[in-house]
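Source file: data.cif. Holds: mmCIF, C-alpha atoms and all ligand atoms.
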```
data_target
loop_
_atom_site.label_atom_id
_atom_site.label_comp_id
_atom_site.auth_asym_id
_atom_site.auth_seq_id
_atom_site.Cartn_x
_atom_site.Cartn_y
_atom_site.Cartn_z
CA MET B 4 -62.18 33.86 17.69
CA LEU B 5 -61.91 31.13 15.10
CA ARG B 6 -58.66 32.60 13.81
CA ILE B 7 -57.17 32.57 17.31
CA ILE B 8 -58.17 28.94 17.86
CA LEU B 9 -56.78 27.98 14.49
CA ARG B 10 -53.49 29.73 15.17
CA ARG B 11 -53.17 28.03 18.58
CA ILE B 12 -53.87 24.58 17.18
CA LEU B 13 -51.33 25.03 14.42
CA ARG B 14 -48.62 26.53 16.57
CA ASP B 15 -48.51 23.92 19.28
CA GLY B 16 -47.26 20.60 18.00
CA SER B 17 -46.36 18.98 21.30
CA ARG B 18 -48.86 16.33 22.24
CA SER B 19 -47.82 16.33 25.84
CA GLY B 20 -47.47 20.08 26.10
CA ARG B 21 -44.25 19.47 28.02
CA GLY B 22 -41.74 22.25 28.10
CA SER B 23 -44.06 24.80 26.56
CA ASN B 24 -46.61 27.23 27.79
CA GLY B 25 -48.98 26.10 25.08
CA PRO B 26 -52.37 24.55 25.66
CA THR B 27 -52.59 21.16 27.40
CA LYS B 28 -53.71 18.04 25.55
CA LYS B 29 -57.17 18.53 27.07
CA ASP B 30 -57.27 22.17 25.96
CA ARG B 31 -56.28 21.19 22.47
CA HIS B 32 -58.85 18.43 22.42
CA SER B 33 -61.58 20.88 23.29
CA MET B 34 -60.22 23.42 20.80
CA LEU B 35 -60.17 20.78 18.08
CA CYS B 36 -63.69 19.67 18.99
CA HIS B 37 -64.80 23.25 18.92
CA TYR B 38 -63.15 23.74 15.59
CA ASN B 39 -64.64 20.52 14.26
CA GLY B 40 -68.02 21.72 15.34
CA VAL B 41 -67.48 24.82 13.27
CA ILE B 42 -66.18 23.21 10.09
CA GLY B 43 -67.48 19.67 10.48
CA ALA B 44 -64.03 18.10 10.14
CA ARG B 45 -63.49 14.46 10.99
CA THR B 46 -61.54 13.49 14.13
CA ASN B 47 -59.48 10.38 14.44
CA ALA B 48 -58.42 10.51 18.05
CA THR B 49 -56.81 7.05 18.12
CA MET B 50 -54.28 7.69 15.33
CA GLU B 51 -50.89 9.22 15.94
CA LEU B 52 -49.66 9.77 12.42
CA ILE B 53 -46.46 10.76 10.64
CA ASP B 54 -46.55 12.33 7.20
CA SER B 55 -42.91 11.82 6.25
CA HIS B 56 -43.16 13.64 2.90
CA ALA B 57 -45.46 16.50 1.93
CA HIS B 58 -45.10 19.57 -0.28
CA ILE B 59 -47.17 21.93 1.85
CA ASP B 60 -45.63 25.01 0.18
CA PHE B 61 -47.08 24.10 -3.23
CA PRO B 62 -49.52 26.45 -4.98
CA GLN B 63 -52.24 23.80 -4.84
CA PHE B 64 -52.67 24.85 -1.18
CA ALA B 65 -52.68 28.61 -1.81
CA GLU B 66 -56.38 28.96 -1.00
CA ASP B 67 -56.65 26.87 2.17
CA ARG B 68 -53.18 26.19 3.54
CA ASP B 69 -54.00 26.94 7.20
CA ALA B 70 -57.22 24.92 7.07
CA MET B 71 -55.32 22.06 5.39
CA LEU B 72 -52.84 22.03 8.30
CA VAL B 73 -55.70 22.09 10.82
CA ARG B 74 -57.27 19.10 9.05
CA ALA B 75 -53.93 17.28 9.33
CA ARG B 76 -53.77 17.92 13.09
CA THR B 77 -57.41 16.90 13.49
CA ALA B 78 -56.76 13.65 11.62
CA GLY B 79 -53.98 12.86 14.10
CA VAL B 80 -50.85 13.97 12.21
CA THR B 81 -48.39 14.68 15.02
CA THR B 82 -45.25 15.02 12.90
CA LEU B 83 -44.75 16.20 9.34
CA LEU B 84 -41.67 16.51 7.16
CA ALA B 85 -42.13 19.46 4.81
CA ILE B 86 -40.11 18.84 1.65
CA GLY B 87 -38.27 21.96 0.56
CA SER B 88 -37.56 21.30 -3.10
CA GLY B 89 -40.26 23.87 -3.90
CA PRO B 90 -40.52 25.13 -7.48
CA GLY B 91 -36.78 24.51 -8.02
CA PRO B 92 -33.61 26.49 -7.31
CA GLU B 93 -35.47 29.81 -7.53
CA LYS B 94 -36.75 29.11 -3.99
CA LEU B 95 -34.38 27.00 -1.94
CA ASP B 96 -35.90 27.69 1.49
CA ALA B 97 -39.48 26.77 0.56
CA ALA B 98 -40.21 24.53 3.58
CA ILE B 99 -38.30 26.35 6.32
CA PRO B 100 -40.95 28.94 7.28
CA PHE B 101 -43.44 26.15 8.10
CA ALA B 102 -40.96 24.48 10.42
CA GLU B 103 -40.20 27.82 12.07
CA GLN B 104 -43.88 28.47 12.71
CA HIS B 105 -45.02 24.99 13.84
CA ASP B 106 -43.11 22.77 16.22
CA TRP B 107 -44.68 19.58 14.77
CA ILE B 108 -43.31 20.36 11.31
CA TYR B 109 -39.70 19.76 10.23
CA ALA B 110 -38.08 20.82 6.98
CA THR B 111 -35.74 19.62 4.26
CA VAL B 112 -33.74 21.53 1.67
CA GLY B 113 -32.59 20.20 -1.68
CA THR B 114 -33.28 20.28 -5.41
CA HIS B 115 -35.49 17.66 -7.08
CA PRO B 116 -33.98 15.71 -10.01
CA HIS B 117 -36.57 17.33 -12.29
CA GLU B 118 -34.83 20.69 -11.81
CA ALA B 119 -31.26 19.32 -11.73
CA LYS B 120 -30.34 21.19 -14.92
CA GLU B 121 -31.10 24.54 -13.22
CA LEU B 122 -28.80 24.02 -10.25
CA THR B 123 -25.64 26.16 -10.24
CA PRO B 124 -22.60 26.13 -7.91
CA ALA B 125 -24.03 29.27 -6.25
CA HIS B 126 -27.25 27.39 -5.49
CA LEU B 127 -25.22 24.57 -3.95
CA GLU B 128 -23.47 27.06 -1.70
CA GLN B 129 -26.79 28.49 -0.60
CA LEU B 130 -28.14 24.98 0.05
CA ALA B 131 -25.10 24.24 2.21
CA LYS B 132 -25.95 27.28 4.34
CA LEU B 133 -29.65 26.45 4.58
CA ALA B 134 -28.78 22.87 5.60
CA GLN B 135 -27.40 24.34 8.85
CA HIS B 136 -30.81 25.69 9.85
CA PRO B 137 -31.86 24.08 13.16
CA ARG B 138 -35.26 23.00 11.79
CA VAL B 139 -33.77 21.27 8.73
CA ILE B 140 -33.43 17.60 9.66
CA ALA B 141 -32.88 16.00 6.24
CA TYR B 142 -31.63 16.87 2.76
CA GLY B 143 -33.88 16.27 -0.24
CA GLU B 144 -35.66 15.23 -2.19
CA ILE B 145 -32.76 14.25 -4.41
CA GLY B 146 -32.18 11.35 -6.76
CA LEU B 147 -33.00 10.23 -10.28
CA ASP B 148 -36.20 10.34 -12.33
CA TYR B 149 -35.92 8.48 -15.64
CA PHE B 150 -39.70 8.42 -16.08
CA TYR B 151 -40.05 12.11 -16.86
CA ASP B 152 -36.42 12.85 -17.80
CA HIS B 153 -37.03 16.57 -17.20
CA SER B 154 -33.26 16.95 -16.86
CA PRO B 155 -30.76 14.90 -18.90
CA ARG B 156 -29.77 11.73 -17.07
CA GLU B 157 -26.05 12.58 -16.85
CA VAL B 158 -26.97 15.98 -15.35
CA GLN B 159 -29.31 14.30 -12.86
CA GLN B 160 -26.49 11.96 -11.84
CA ARG B 161 -23.93 14.76 -11.44
CA VAL B 162 -26.31 16.90 -9.40
CA PHE B 163 -27.31 13.89 -7.28
CA ARG B 164 -23.62 13.36 -6.42
CA GLU B 165 -23.07 17.07 -5.75
CA GLN B 166 -26.04 17.23 -3.42
CA MET B 167 -24.98 14.06 -1.60
CA ASP B 168 -21.70 15.90 -0.92
CA VAL B 169 -23.56 18.90 0.52
CA ALA B 170 -25.74 16.63 2.69
CA ALA B 171 -22.72 14.65 3.90
CA ARG B 172 -20.91 17.84 4.92
CA ALA B 173 -24.04 18.97 6.80
CA LYS B 174 -24.33 15.47 8.34
CA LEU B 175 -27.95 15.22 7.24
CA PRO B 176 -29.76 12.04 6.15
CA ILE B 177 -31.12 12.24 2.60
CA VAL B 178 -34.65 11.87 1.19
CA ILE B 179 -34.46 9.93 -2.08
CA HIS B 180 -36.75 10.38 -5.05
CA CYS B 181 -36.33 7.55 -7.53
CA ARG B 182 -38.55 6.73 -10.47
CA ASP B 183 -37.70 4.09 -13.08
CA ALA B 184 -34.03 4.44 -12.07
CA TRP B 185 -33.63 2.06 -9.14
CA THR B 186 -30.49 0.26 -10.27
CA ASP B 187 -28.57 3.47 -11.02
CA CYS B 188 -29.90 5.13 -7.89
CA LEU B 189 -29.00 2.28 -5.51
CA ASP B 190 -25.59 1.83 -7.18
CA MET B 191 -24.84 5.53 -6.69
CA LEU B 192 -25.99 5.39 -3.07
CA GLU B 193 -23.81 2.39 -2.37
CA LYS B 194 -20.79 4.11 -3.84
CA ASN B 195 -21.33 7.67 -2.63
CA TRP B 196 -23.63 7.52 0.39
CA ARG B 197 -23.16 4.26 2.25
CA PRO B 198 -19.71 5.35 3.56
CA THR B 199 -21.29 8.34 5.33
CA GLY B 200 -23.42 6.05 7.53
CA LEU B 201 -26.11 8.73 7.56
CA GLY B 202 -28.89 6.79 5.81
CA GLY B 203 -32.17 8.45 4.97
CA ILE B 204 -35.57 7.73 3.48
CA LEU B 205 -36.45 6.00 0.20
CA HIS B 206 -39.59 8.05 -0.39
CA CYS B 207 -42.63 6.82 -2.35
CA PHE B 208 -41.07 3.39 -2.67
CA THR B 209 -42.07 1.65 -5.91
CA SER B 210 -39.49 -1.10 -6.46
CA THR B 211 -38.89 -4.70 -5.44
CA LEU B 212 -38.28 -6.33 -2.07
CA GLU B 213 -34.68 -6.92 -3.14
CA ASP B 214 -34.19 -3.19 -3.82
CA ALA B 215 -35.87 -2.30 -0.52
CA ARG B 216 -33.40 -4.59 1.25
CA ARG B 217 -30.48 -2.88 -0.50
CA GLY B 218 -31.84 0.35 0.98
CA LEU B 219 -32.20 -1.15 4.47
CA ASP B 220 -28.61 -2.37 4.30
CA MET B 221 -27.51 1.25 3.84
CA GLY B 222 -29.59 2.51 6.75
CA PHE B 223 -32.60 3.78 4.82
CA LEU B 224 -36.19 3.74 5.99
CA ILE B 225 -38.71 2.71 3.33
CA SER B 226 -41.65 5.07 2.93
CA PHE B 227 -44.95 4.13 1.31
CA ALA B 228 -47.28 6.67 -0.24
CA GLY B 229 -50.88 6.76 -1.49
CA ASN B 230 -50.08 4.66 -4.55
CA SER B 231 -49.69 1.64 -2.23
CA THR B 232 -53.47 1.82 -1.66
CA TYR B 233 -54.37 1.42 -5.35
CA PRO B 234 -56.01 -1.89 -6.33
CA LYS B 235 -53.29 -2.75 -8.86
CA ALA B 236 -50.41 -2.12 -6.43
CA GLN B 237 -50.40 -5.56 -4.80
CA ASN B 238 -46.64 -5.79 -5.54
CA LEU B 239 -46.03 -2.77 -3.29
CA ARG B 240 -48.25 -4.17 -0.54
CA ASP B 241 -46.30 -7.45 -0.71
CA VAL B 242 -43.06 -5.49 -0.16
CA ALA B 243 -44.64 -3.56 2.71
CA LYS B 244 -45.75 -6.84 4.26
CA ALA B 245 -42.33 -8.48 4.03
CA LEU B 246 -40.22 -5.67 5.51
CA PRO B 247 -39.63 -5.24 9.25
CA LEU B 248 -42.19 -2.84 10.73
CA GLU B 249 -39.42 -0.81 12.38
CA ASN B 250 -38.05 0.17 8.96
CA LEU B 251 -41.31 1.53 7.51
CA LEU B 252 -42.66 5.04 7.11
CA ILE B 253 -45.83 6.45 5.61
CA GLU B 254 -46.32 9.65 3.65
CA THR B 255 -48.73 11.49 1.39
CA ASP B 256 -46.40 13.22 -1.13
CA ALA B 257 -49.21 15.80 -1.08
CA PRO B 258 -50.52 17.35 -3.25
CA TYR B 259 -49.86 14.27 -5.42
CA LEU B 260 -50.82 10.59 -5.20
CA ALA B 261 -54.07 10.84 -3.24
CA PRO B 262 -54.89 7.47 -1.65
CA GLN B 263 -57.67 5.33 -3.10
CA PRO B 264 -60.73 6.95 -1.45
CA TYR B 265 -59.59 10.36 -2.75
CA ARG B 266 -57.89 9.19 -5.92
CA GLY B 267 -57.77 11.81 -8.67
CA LYS B 268 -58.24 14.65 -6.19
CA ARG B 269 -55.65 16.89 -4.57
CA ASN B 270 -53.90 14.98 -1.80
CA GLU B 271 -53.24 16.46 1.64
CA PRO B 272 -51.55 15.32 4.87
CA ALA B 273 -54.90 14.57 6.56
CA TYR B 274 -55.25 11.56 4.23
CA VAL B 275 -52.07 9.78 5.37
CA GLY B 276 -54.16 7.53 7.65
CA GLU B 277 -55.36 5.73 4.51
CA VAL B 278 -51.80 4.51 3.91
CA ALA B 279 -51.61 3.34 7.54
CA LYS B 280 -54.89 1.43 7.04
CA THR B 281 -53.58 -0.29 3.90
CA LEU B 282 -50.29 -1.32 5.51
CA ALA B 283 -52.21 -2.48 8.59
CA SER B 284 -54.52 -4.69 6.53
CA VAL B 285 -51.65 -6.52 4.80
CA ARG B 286 -49.80 -6.98 8.09
CA ASN B 287 -52.85 -8.01 10.14
CA LEU B 288 -52.43 -5.09 12.50
CA ALA B 289 -54.74 -2.31 13.62
CA ALA B 290 -54.31 0.95 11.71
CA ASP B 291 -53.38 2.81 14.89
CA GLU B 292 -50.58 0.28 15.53
CA VAL B 293 -49.05 1.01 12.12
CA ALA B 294 -49.62 4.72 12.69
CA SER B 295 -47.81 4.81 16.02
CA ALA B 296 -45.02 2.44 14.88
CA THR B 297 -44.22 4.53 11.80
CA THR B 298 -44.39 7.76 13.80
CA GLU B 299 -42.00 6.25 16.34
CA ASN B 300 -39.69 5.05 13.52
CA PHE B 301 -39.43 8.59 12.19
CA ARG B 302 -38.85 10.14 15.60
CA ARG B 303 -36.27 7.52 16.56
CA PHE B 304 -34.38 7.84 13.26
CA PHE B 305 -34.16 11.63 13.54
CA GLY B 306 -33.62 11.61 17.31
CA LEU B 307 -36.72 13.68 17.98
CA THR B 308 -38.23 13.48 21.43
CA ALA B 309 -41.91 14.32 21.90
CA GLY B 310 -42.38 18.00 21.29
CA SER B 311 -38.66 18.53 20.68
CA PRO B 312 -38.03 21.43 18.35
CA ALA B 313 -34.31 20.78 17.94
CA LYS B 314 -32.50 18.48 15.55
CA SER B 315 -30.94 16.56 18.38
CA ALA B 316 -29.83 13.64 16.19
CA ALA B 317 -27.86 15.95 13.96
CA ALA B 318 -26.33 17.56 17.02
CA GLU B 319 -25.29 14.17 18.35
CA ARG B 320 -23.67 13.22 15.07
CA GLN B 321 -21.44 16.27 15.13
ZN ZN X 1 -40.60 12.38 -5.05
ZN ZN X 2 -42.06 14.78 -3.19
#
```
Here is the file; what I need is its structure written in the form of structure tokens.
Amino acid sequence: MLRIILRRILRDGSRSGRGSNGPTKKDRHSMLCHYNGVIGARTNATMELIDSHAHIDFPQFAEDRDAMLVRARTAGVTTLLAIGSGPGPEKLDAAIPFAEQHDWIYATVGTHPHEAKELTPAHLEQLAKLAQHPRVIAYGEIGLDYFYDHSPREVQQRVFREQMDVAARAKLPIVIHCRDAWTDCLDMLEKNWRPTGLGGILHCFTSTLEDARRGLDMGFLISFAGNSTYPKAQNLRDVAKALPLENLLIETDAPYLAPQPYRGKRNEPAYVGEVAKTLASVRNLAADEVASATTENFRRFFGLTAGSPAKSAAAERQ
């Protein structure tokens, strides 16, 4: 019985239930309550949350992946972008199965700058094919990471350009990973990406207000992760306070960067409300206002209507 309830909760992502034969909002509420009663999970009925960046395919979730997704739904996560960079080029479709199984989950494809040195022309061809998948709504995460330097910087830059080309041909916005490389990254975006007009997401933003504004100018949304909740991250909260609300997103980057109350533990999408609370406190808003605004920002940017399984924005751009 529990398995059936769990499967139904996970499968049906539409809050309104429109256009599907799935359970109504009331049904789901009672299913969630029932499920909560069984596992004692916390409900947060007022929040309507986006997790714009999570690695739900990662091995850290091998033991409890379904339960982790149920906790996300119970916490109010209505939309989730599953990042498909996976373990590297050995698995290029890592996020797609989740988006095929759950209509509240969307997928990306792309190779992380850490694994840039492993990417071959054959991989790029395969990525170009996967980018056509109807549940893939963005390309990434791609960019530059000069903190770890797992791949040589010139290789990271070449592969970043090559993947921008693939994304541009697929007419997909890009999800940018940038660490300690903001000037190079923004310069490359201005040269290679701005002309496409496709924009994207600056994920786990960690730079200055000036850099955030360079991103906005190119049509990027700015996404804040759990590190914005840390006591020493006042600089990030100041940036989050100064930017227009309609350009903000929130994310977990799970399993990394658990927000302050869970710091040091494995992160998961159910915790994204902590980022909403932090942004709300610096902007003098209620957490549910930040939650619904950021969810709406994501849905508007990607042209997703409530419960829509299709990448309508991408279709419009073609
Ligand atoms: Zn990243
Ligand atoms: Zn990531």
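You will find CA of Arg303 in chain B at 21.2 Å from CA of Pro198 in chain B.
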| query | Quick one: residues within 12 Å of range 100-102 of chain B, only C-alpha atoms counted, chain neighbours fewer than 2 positions away excluded, as a ChimeraX atom specification? | reply | /B:13-16,57-60,68-69,72,82-87,95-98,104-112,133,136-140,312-314
| request: For Lys194 in chain B, work out the shell of residues within 12 Å, counting all atoms listed in the file and skipping chain neighbours fewer than 5 positions away, then give it as a list of chain:residue names. | output: B:Arg164, B:Met167, B:Asp187, B:Cys188, B:Leu189, B:Thr199, B:Gly200, B:Met221
| message | What does the list of residues within 7 Å of ligand ZN 1 (chain X) look like if you count only C-alpha atoms and all ligand atoms, written as a list in words? | response | Glu144, His180, Cys181, His206 and Cys207 of chain B
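Each of B:Arg217, B:His56, B:His115, B:Lys244 was checked against Thr281 in chain B using all atoms listed in the file; the smallest atom-to-atom distance is that of B:Lys244.
Proximity to ligand ZN 2 (chain X) was assessed for B:Ala78, B:Ala279, B:Ala294, B:Ile145 counting only C-alpha atoms and all ligand atoms; the smallest distance is recorded for B:Ile145.
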| Two-atom distance - CA of Gly146 in chain B, CA of Pro258 in chain B (Å) | 19.6 Å
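Around the coordinate (-21.5, 12.8, -0.6), residues that reach within 10 Å when counting all atoms listed in the file are Phe163, Arg164, Glu165, Gln166, Met167, Asp168, Val169, Ala170, Ala171, Arg172, Ala173, Lys174, Leu192, Lys194, Asn195, Trp196, Arg197, Pro198 and Thr199 of chain B.
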Serialized selection, C-alpha atoms, as a compact mmCIF listing (two decimals), in the coordinates of the input:
```
# COMPACT_ATOMS: atom_id res chain seq x y z
CA PHE B 163 -27.31 13.89 -7.28
CA ARG B 164 -23.62 13.36 -6.42
CA GLU B 165 -23.07 17.07 -5.75
CA GLN B 166 -26.04 17.23 -3.42
CA MET B 167 -24.98 14.06 -1.60
CA ASP B 168 -21.70 15.90 -0.92
CA VAL B 169 -23.56 18.90 0.52
CA ALA B 170 -25.74 16.63 2.69
CA ALA B 171 -22.72 14.65 3.90
CA ARG B 172 -20.91 17.84 4.92
CA ALA B 173 -24.04 18.97 6.80
CA LYS B 174 -24.33 15.47 8.34
CA LEU B 192 -25.99 5.39 -3.07
CA LYS B 194 -20.79 4.11 -3.84
CA ASN B 195 -21.33 7.67 -2.63
CA TRP B 196 -23.63 7.52 0.39
CA ARG B 197 -23.16 4.26 2.25
CA PRO B 198 -19.71 5.35 3.56
CA THR B 199 -21.29 8.34 5.33
```
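Taking CA of Arg182 in chain B and CA of Glu128 in chain B as the two end points, the separation is 26.8 Å.
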| request: Dig up all the protein and nucleic acid residues within 12 Å of (-36.5, 17.0, -8.7) in the file frame, using only C-alpha atoms, and format them as a VMD selection string. | output: chain B and resid 86 to 92 112 to 122 143 to 156 158 to 160 162 to 163 166 178 to 182
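Proximity to Asp214 in chain B at 10 Å, evaluated using only C-alpha atoms and with sequence-adjacent residues fewer than 6 positions away removed, yields Trp185, Thr186, Leu189, Phe208, Asp220 and Val242 of chain B.
With distances restricted to only C-alpha atoms, B:Leu219 is the closest residue to Glu193 in chain B from B:Ala296, B:Leu219, B:Ala236, B:Ala261.
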Could the centre and edge lengths of an axis-aligned box, enclosing all atoms of range 255-265 of chain B in the file with 6 Å extra on each side, be given in Å to one decimal as JSON?
```
{"center_x": -53.6, "center_y": 11.3, "center_z": -2.0, "size_x": 26.3, "size_y": 24.0, "size_z": 18.8}
```
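Checking B:Glu292, B:Glu277, B:Glu271, B:Glu93 one by one against Arg74 in chain B, counting all atoms listed in the file, you find the shortest gap at B:Glu271.
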